[in-house]
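Structure first, then comments.
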Amino acid sequence: MDHNTIGMDPTVGKPFLSVVFAAPPAGQLIFSPLIGWCSNRLSSIRVPFVILTALFVFGNGLYSVVELFPTPHRRYVLLLARFVFGISTSINTLSRAYISTATKLSERTGAISMSSLAQTFGLAVGPIIQAALSTIGKEGLMWYGLRINMYTMAGWICAALGVVYILFLNPSCFVHRTIAAQEAMKTTGFSKATDTYEPLKMFSIWTVMIGYSVLMFFYVSVQTALSPISLDQFGWSHEESLYYLGILITGGTLCSCAVFLLLPQLSISQTILSKLLGTRPQGNWMALYTSIGGLTRIIGPASVVVYVRFGTYWVFGLGAMISGLLLIWMWCYKSHLRTTKKINHAEEMQRMANGVAE
């Protein structure tokens with residue numbers, strides 16, 4: 001995306017690229033709280049899912065036709081496209097909140113792990129597709145006045161997948177469920193879901209939030225800095241940078257996929273947060289969780305400035321030092337991150353059955 005920006009407007013420099021990278025998380029940061037608030041008050045999340053997916057389609061489509069606009073306006077159209085795309089990623093808030101309400105306690109770790117696996121798998125497949133599209137080249141070809149090249153084609157593929165996803169949200173495929181609250185009422189004997197809410201452990205919740213924000217900050221920092229580092233340190237062309245970084249990022253995300261698949265307990269932050277929140281509607285808290293990640297993703301691209309002024313040692317050294325300090329802190333307070341005792345599926349079904357019999 002960054003090389004495409006420079007190609008469309010030669011006056012664009014590295015500072016503007018940081019703004020472009022920050023636009024999607026800014027959209028997510030602003031709109032996630034609103035989406036989370038709405039999700040707690042709607043009987044079904046289908047409508048917001050469809051709206052956000054439609055924005056996803058529009059944002060990617062607009063990105064793919066930026067070249068149709070006059071050169072002086074292209075940078076602003078691109079910013080708008082990425083900002084709209086960022087708004088659409090607020091769907092992560094809905095997904096996290098819905099998984100927490102549509103699963104039993106014994107199922108939640110596995111369900112959240114599969115959600116993390118799906119997201120990570122998408123991050124793995126994306127660079128593979130981008131590397132494959134690099135064979136089209138920067139110039140590409142013209143089709144009915146539209147330029148199809150290695151950058152715009154990625155946008156069109158995402159837009160098409162968004163349309164397919166909207167089709168899967170029809171009532172015959174997707175039915176809204178609220179299993180967690182029903183489970184809690186049957187287990188405890190309460191007649192109202194609000195009676196099953198437990199006091200919030202704020203220290204534990206904010207420990208998870210801070211850990212997640214640090215992780216996202218350095219993930220975005222490294223991702224943003226990789227492109228200029230590859231161009232400056234290795235002398236790669238834009239096409240070579242796109243190809244080799246695609247392979248590198250894919251390798252890392254495939255390793256993450258293997259971890260989520262083989263060790264679901266390691267999808268730590270989201271699983272722990274969901275269980276700490278209990279059976280209450282989690283839209284607002286998941287919105288805060290997503291917004292904190294969005295805020296760190298806005299600040300993360302500043303790593304390009306650190307790289308330009310101080311070099312690679314400072315970029316990766318600071319990341320290693322702060323991550324190490326966070327690991328020590330979480331290890332010291334690991335007892336605060338424990339949730340309820342483990343309940344197997346058979347015990348859970350028996351307790352629910354007893355609740356119904358009573």
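Identifiers for the structure tokens are assigned positionally: chains receive A, B, ... in sequence, residues are indexed from 1 per chain, and ligands are indexed from 1 in the order shown.
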Write out as a VMD selection string all residues of segment 39-281 of chain A that DSSP puts in strand (DSSP E or B) for this structure's backbone. chain A and resid 141 to 143 146 to 148
What would the file look like if the residues just selected were written as a PDB file, in the first residue's frame with C-alpha atoms?
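Contents of out.pdb, as written:
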```pdb
ATOM      1  CA  LEU A 141      -3.224  -3.377 -17.233  1.00  0.00           C
ATOM      2  CA  MET A 142      -6.202  -1.146 -17.981  1.00  0.00           C
ATOM      3  CA  TRP A 143      -9.714  -2.622 -17.908  1.00  0.00           C
ATOM      4  CA  LEU A 146      -9.598   0.968 -14.284  1.00  0.00           C
ATOM      5  CA  ARG A 147      -5.975   0.141 -13.594  1.00  0.00           C
ATOM      6  CA  ILE A 148      -5.558  -3.439 -12.397  1.00  0.00           C
TER       7      ILE A 148
END
```
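Residues with any atom within 12 Å of Gly211 of chain A, counting only C-alpha atoms and excluding same-chain neighbours fewer than 6 positions away, are Ser204, Ile205, Phe217, Phe218, Ile268, Ser269, Gln270, Ile272, Leu273, Tyr289, Ile292, Gly293, Thr296, Ile322, Ser323, Gly324, Leu325, Leu326, Leu327, Ile328, Trp329, Met330, Trp331 and Leu337 of chain A.
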Go ahead and save the picked residues with N, CA, C and O atoms, as a CSV table (one decimal), in the first residue's frame.
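Produced file out-v8.csv, reproduced below:
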```
chain,number,residue,atom,x,y,z
A,204,SER,N,-7.2,-7.0,37.3
A,204,SER,CA,-7.0,-8.1,36.3
A,204,SER,C,-7.4,-7.7,34.9
A,204,SER,O,-6.7,-8.0,33.9
A,205,ILE,N,-8.5,-7.0,34.8
A,205,ILE,CA,-9.0,-6.6,33.5
A,205,ILE,C,-8.0,-5.6,32.8
A,205,ILE,O,-7.7,-5.8,31.7
A,217,PHE,N,1.1,-2.6,19.8
A,217,PHE,CA,1.9,-1.5,19.5
A,217,PHE,C,3.2,-2.0,18.8
A,217,PHE,O,3.6,-1.4,17.7
A,218,PHE,N,3.8,-3.0,19.3
A,218,PHE,CA,5.1,-3.5,18.7
A,218,PHE,C,4.8,-4.3,17.4
A,218,PHE,O,5.7,-4.3,16.5
A,268,ILE,N,-4.5,-16.0,24.9
A,268,ILE,CA,-4.6,-15.6,26.4
A,268,ILE,C,-5.5,-14.4,26.6
A,268,ILE,O,-6.5,-14.5,27.3
A,269,SER,N,-5.1,-13.2,26.0
A,269,SER,CA,-5.8,-12.0,26.5
A,269,SER,C,-7.3,-12.0,26.3
A,269,SER,O,-8.0,-11.7,27.2
A,270,GLN,N,-7.7,-12.3,25.1
A,270,GLN,CA,-9.2,-12.3,24.8
A,270,GLN,C,-9.9,-13.3,25.6
A,270,GLN,O,-11.0,-13.1,26.1
A,272,ILE,N,-9.1,-14.7,28.6
A,272,ILE,CA,-9.1,-14.3,30.0
A,272,ILE,C,-10.1,-13.1,30.2
A,272,ILE,O,-10.8,-13.1,31.2
A,273,LEU,N,-10.0,-12.1,29.3
A,273,LEU,CA,-10.9,-11.0,29.5
A,273,LEU,C,-12.4,-11.4,29.4
A,273,LEU,O,-13.2,-10.9,30.2
A,289,TYR,N,-11.5,-2.8,24.6
A,289,TYR,CA,-10.4,-3.7,24.2
A,289,TYR,C,-9.9,-3.4,22.8
A,289,TYR,O,-8.7,-3.2,22.5
A,292,ILE,N,-8.4,0.3,22.5
A,292,ILE,CA,-7.0,0.4,23.0
A,292,ILE,C,-6.0,-0.2,22.0
A,292,ILE,O,-5.0,0.4,21.8
A,293,GLY,N,-6.4,-1.3,21.4
A,293,GLY,CA,-5.6,-1.8,20.3
A,293,GLY,C,-5.4,-0.8,19.2
A,293,GLY,O,-4.4,-0.6,18.6
A,296,THR,N,-3.0,2.1,20.1
A,296,THR,CA,-1.6,1.7,20.0
A,296,THR,C,-1.2,1.5,18.5
A,296,THR,O,0.0,1.8,18.1
A,322,ILE,N,10.8,-3.4,26.5
A,322,ILE,CA,9.5,-3.1,27.0
A,322,ILE,C,8.6,-4.4,27.1
A,322,ILE,O,7.9,-4.7,28.1
A,323,SER,N,8.8,-5.3,26.1
A,323,SER,CA,8.1,-6.6,26.1
A,323,SER,C,8.6,-7.4,27.3
A,323,SER,O,7.8,-8.1,27.9
A,324,GLY,N,9.9,-7.4,27.5
A,324,GLY,CA,10.4,-8.1,28.6
A,324,GLY,C,9.9,-7.6,30.0
A,324,GLY,O,9.6,-8.4,30.9
A,325,LEU,N,9.8,-6.3,30.1
A,325,LEU,CA,9.3,-5.8,31.4
A,325,LEU,C,7.9,-6.1,31.6
A,325,LEU,O,7.4,-6.4,32.7
A,326,LEU,N,7.1,-6.1,30.5
A,326,LEU,CA,5.7,-6.5,30.6
A,326,LEU,C,5.6,-8.0,31.0
A,326,LEU,O,4.7,-8.4,31.8
A,327,LEU,N,6.4,-8.8,30.4
A,327,LEU,CA,6.4,-10.3,30.8
A,327,LEU,C,6.7,-10.5,32.2
A,327,LEU,O,6.0,-11.3,32.9
A,328,ILE,N,7.7,-9.8,32.8
A,328,ILE,CA,8.0,-9.9,34.2
A,328,ILE,C,6.8,-9.5,35.1
A,328,ILE,O,6.5,-10.1,36.1
A,329,TRP,N,6.2,-8.3,34.7
A,329,TRP,CA,5.1,-7.8,35.4
A,329,TRP,C,3.9,-8.8,35.5
A,329,TRP,O,3.3,-9.1,36.5
A,330,MET,N,3.6,-9.4,34.3
A,330,MET,CA,2.5,-10.3,34.3
A,330,MET,C,2.8,-11.6,35.0
A,330,MET,O,1.9,-12.2,35.6
A,331,TRP,N,4.0,-12.0,35.0
A,331,TRP,CA,4.5,-13.2,35.8
A,331,TRP,C,4.3,-12.9,37.3
A,331,TRP,O,3.9,-13.8,38.0
A,337,LEU,N,-4.7,-13.2,37.1
A,337,LEU,CA,-5.2,-13.6,35.8
A,337,LEU,C,-5.9,-14.9,35.7
A,337,LEU,O,-6.4,-15.3,34.7
```
Taking the DSSP secondary structure from the backbone, can you list the residues of segment 87-335 of chain A that are helix (DSSP H, G or I), as a PyMOL selection string? chain A and resi 87-88+91-101+105-136+152-168+179-188+193-196+202-233+238-262+264-266+268-277+283-310+312-332+334-335
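Using only C-alpha atoms, the protein and nucleic acid residues lying no more than 12 Å from Gly61 of chain A, apart from those fewer than 6 places from it along its own chain, are A:Ala54, A:Leu55, A:Glu67, A:Leu68, A:Val77, A:Leu78, A:Leu80, A:Ala81, A:Arg82, A:Val84, A:Phe85, A:Leu146, A:Tyr151, A:Thr152, A:Met153, A:Ala154, A:Gly155, A:Trp156, A:Ile157, A:Cys158, A:Ala159, A:Ala160, A:Leu161, A:Gly162, A:Val163.
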Mind writing the picked residues with C-alpha atoms as a tab-separated table (two decimals), in the first residue's frame?
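Once written, selection-v6.tsv looks like this:
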```tsv
chain	number	residue	atom	x	y	z
A	54	ALA	CA	-20.72	-3.06	3.48
A	55	LEU	CA	-18.30	-0.36	4.69
A	67	GLU	CA	-6.16	6.63	-9.45
A	68	LEU	CA	-9.37	7.85	-11.12
A	77	VAL	CA	-9.22	9.90	-1.15
A	78	LEU	CA	-6.77	7.24	-0.03
A	80	LEU	CA	-10.77	8.34	3.37
A	81	ALA	CA	-10.68	4.81	1.98
A	82	ARG	CA	-8.38	3.60	4.75
A	84	VAL	CA	-13.65	3.77	6.21
A	85	PHE	CA	-11.83	0.44	6.18
A	146	LEU	CA	-9.60	0.97	-14.28
A	151	TYR	CA	-1.99	-3.01	-5.47
A	152	THR	CA	-5.53	-2.44	-6.72
A	153	MET	CA	-6.19	-6.12	-7.34
A	154	ALA	CA	-5.80	-6.81	-3.63
A	155	GLY	CA	-8.51	-4.23	-2.92
A	156	TRP	CA	-10.89	-5.80	-5.43
A	157	ILE	CA	-10.35	-9.26	-3.95
A	158	CYS	CA	-11.15	-7.97	-0.45
A	159	ALA	CA	-14.27	-6.19	-1.72
A	160	ALA	CA	-15.48	-9.38	-3.45
A	161	LEU	CA	-14.93	-11.44	-0.30
A	162	GLY	CA	-16.90	-8.86	1.66
A	163	VAL	CA	-19.85	-9.30	-0.67
```
As a PyMOL selection string, please: the residues near segment 166-179 of chain A (cut-off 6 Å, only C-alpha atoms, same-chain neighbours under 2 positions excluded). chain A and resi 44+50+101-103+163-164+181-182
Selected residues, N, CA and C atoms, written as an mmCIF file, in the first residue's frame, please.
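Output below, filename out_20.cif:
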```cif
data_model
loop_
_atom_site.group_PDB
_atom_site.id
_atom_site.type_symbol
_atom_site.label_atom_id
_atom_site.label_comp_id
_atom_site.auth_asym_id
_atom_site.auth_seq_id
_atom_site.Cartn_x
_atom_site.Cartn_y
_atom_site.Cartn_z
ATOM 1 N N SER A 44 -30.306 -8.637 17.911
ATOM 2 C CA SER A 44 -29.476 -9.427 16.993
ATOM 3 C C SER A 44 -28.376 -8.528 16.433
ATOM 4 N N VAL A 50 -23.866 -6.535 8.874
ATOM 5 C CA VAL A 50 -24.048 -6.236 7.449
ATOM 6 C C VAL A 50 -23.558 -4.832 7.122
ATOM 7 N N THR A 101 -21.028 -14.398 24.281
ATOM 8 C CA THR A 101 -22.417 -14.638 24.676
ATOM 9 C C THR A 101 -23.007 -15.887 24.040
ATOM 10 N N ALA A 102 -22.386 -16.395 22.992
ATOM 11 C CA ALA A 102 -22.949 -17.529 22.249
ATOM 12 C C ALA A 102 -22.233 -18.846 22.541
ATOM 13 N N THR A 103 -21.420 -18.886 23.598
ATOM 14 C CA THR A 103 -20.694 -20.113 23.947
ATOM 15 C C THR A 103 -20.849 -20.422 25.426
ATOM 16 N N VAL A 163 -18.527 -9.043 -0.110
ATOM 17 C CA VAL A 163 -19.854 -9.303 -0.672
ATOM 18 C C VAL A 163 -20.294 -10.739 -0.354
ATOM 19 N N VAL A 164 -19.379 -11.675 -0.490
ATOM 20 C CA VAL A 164 -19.691 -13.076 -0.175
ATOM 21 C C VAL A 164 -20.066 -13.223 1.299
ATOM 22 N N ALA A 181 -25.747 -16.483 28.965
ATOM 23 C CA ALA A 181 -26.675 -16.027 29.997
ATOM 24 C C ALA A 181 -27.634 -17.145 30.396
ATOM 25 N N GLN A 182 -28.118 -17.912 29.432
ATOM 26 C CA GLN A 182 -29.022 -19.019 29.738
ATOM 27 C C GLN A 182 -28.316 -20.064 30.596
#
```
How far is it from atom CA of Ser95 of chain A to atom CA of Ser115 of chain A, in Å with one decimal? 8.5 Å
Which residue gives the smallest distance to Arg108 of chain A among A:Ile51, A:Val65, A:Ala180, A:Leu318, with only C-alpha atoms counted? A:Ala180
Would you list the contacts of segment 16-21 of chain A as an mmCIF file with N, CA, C and O atoms, in the first residue's frame, taking every protein, DNA or RNA residue within 8 Å and counting only C-alpha atoms, but skipping same-chain residues closer than 5 positions in sequence?
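The resulting file, around_26.cif, is reproduced below:
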```
data_model
loop_
_atom_site.group_PDB
_atom_site.id
_atom_site.type_symbol
_atom_site.label_atom_id
_atom_site.label_comp_id
_atom_site.auth_asym_id
_atom_site.auth_seq_id
_atom_site.Cartn_x
_atom_site.Cartn_y
_atom_site.Cartn_z
ATOM 1 N N ASP A 2 1.974 1.269 0.763
ATOM 2 C CA ASP A 2 2.794 2.469 0.848
ATOM 3 C C ASP A 2 3.448 2.803 -0.482
ATOM 4 O O ASP A 2 3.498 3.957 -0.884
ATOM 5 N N THR A 5 0.981 4.397 -2.781
ATOM 6 C CA THR A 5 0.736 5.794 -2.457
ATOM 7 C C THR A 5 1.775 6.689 -3.104
ATOM 8 O O THR A 5 1.450 7.725 -3.694
ATOM 9 N N LEU A 78 -7.379 8.424 -0.625
ATOM 10 C CA LEU A 78 -6.768 7.238 -0.034
ATOM 11 C C LEU A 78 -6.955 7.226 1.476
ATOM 12 O O LEU A 78 -7.288 6.190 2.071
ATOM 13 N N LEU A 79 -6.775 8.386 2.117
ATOM 14 C CA LEU A 79 -6.985 8.473 3.559
ATOM 15 C C LEU A 79 -8.431 8.131 3.920
ATOM 16 O O LEU A 79 -8.691 7.423 4.895
ATOM 17 N N ARG A 82 -8.961 4.350 3.627
ATOM 18 C CA ARG A 82 -8.382 3.600 4.750
ATOM 19 C C ARG A 82 -9.139 3.866 6.055
ATOM 20 O O ARG A 82 -9.250 2.997 6.904
ATOM 21 N N THR A 224 5.262 -1.705 10.244
ATOM 22 C CA THR A 224 5.440 -0.430 9.553
ATOM 23 C C THR A 224 6.889 -0.203 9.167
ATOM 24 O O THR A 224 7.183 0.311 8.085
ATOM 25 N N ILE A 298 -2.293 3.412 16.150
ATOM 26 C CA ILE A 298 -2.078 4.776 15.653
ATOM 27 C C ILE A 298 -0.676 5.249 16.021
ATOM 28 O O ILE A 298 0.029 5.870 15.223
ATOM 29 N N PRO A 301 2.975 3.397 14.096
ATOM 30 C CA PRO A 301 3.741 3.838 12.924
ATOM 31 C C PRO A 301 4.814 4.871 13.221
ATOM 32 O O PRO A 301 5.651 5.143 12.366
ATOM 33 N N ALA A 302 4.807 5.447 14.433
ATOM 34 C CA ALA A 302 5.878 6.381 14.798
ATOM 35 C C ALA A 302 7.235 5.695 14.825
ATOM 36 O O ALA A 302 8.278 6.363 14.863
ATOM 37 N N VAL A 304 8.637 4.417 12.466
ATOM 38 C CA VAL A 304 9.364 4.841 11.272
ATOM 39 C C VAL A 304 10.252 6.034 11.596
ATOM 40 O O VAL A 304 11.398 6.125 11.144
#
```
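Between Ala131 of chain A and the candidates A:Thr250, A:Ser303, A:Ser335, A:Asn92, the tightest atom-to-atom separation, counting only C-alpha atoms, involves A:Thr250.
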A:Leu117, A:Ile249, A:Val47, A:Ile91: which is nearest Pro33 of chain A, counting only C-alpha atoms? A:Ile91
Using only C-alpha atoms, determine which residues lie at most 10 Å from Ile129 of chain A, disregarding the query and same-chain residues fewer than 2 positions distant; provide the list as a ChimeraX atom specification. /A:124-127,131-134,150,153-154,157,243,246
Using only C-alpha atoms, pick whichever of A:Phe121, A:Phe234, A:Trp37, A:Tyr165 has the shortest atom-to-atom distance to Leu52 of chain A. A:Tyr165
Report, in Å to a single decimal, how far apart atom CA of Tyr98 of chain A and atom CA of Lys334 of chain A are. 26.9 Å
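Across the model, the gap from atom CA of Leu262 of chain A to atom CA of Tyr212 of chain A is 21.2 Å.
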Using only C-alpha atoms, which of the listed residues (A:Thr187, A:Thr89, A:Ser227, A:Thr312) sits closest to Thr279 of chain A? A:Thr187
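Closest to Tyr244 of chain A among A:Ile128, A:Val259, A:Leu105, A:Leu215 is A:Ile128, based on only C-alpha atoms.
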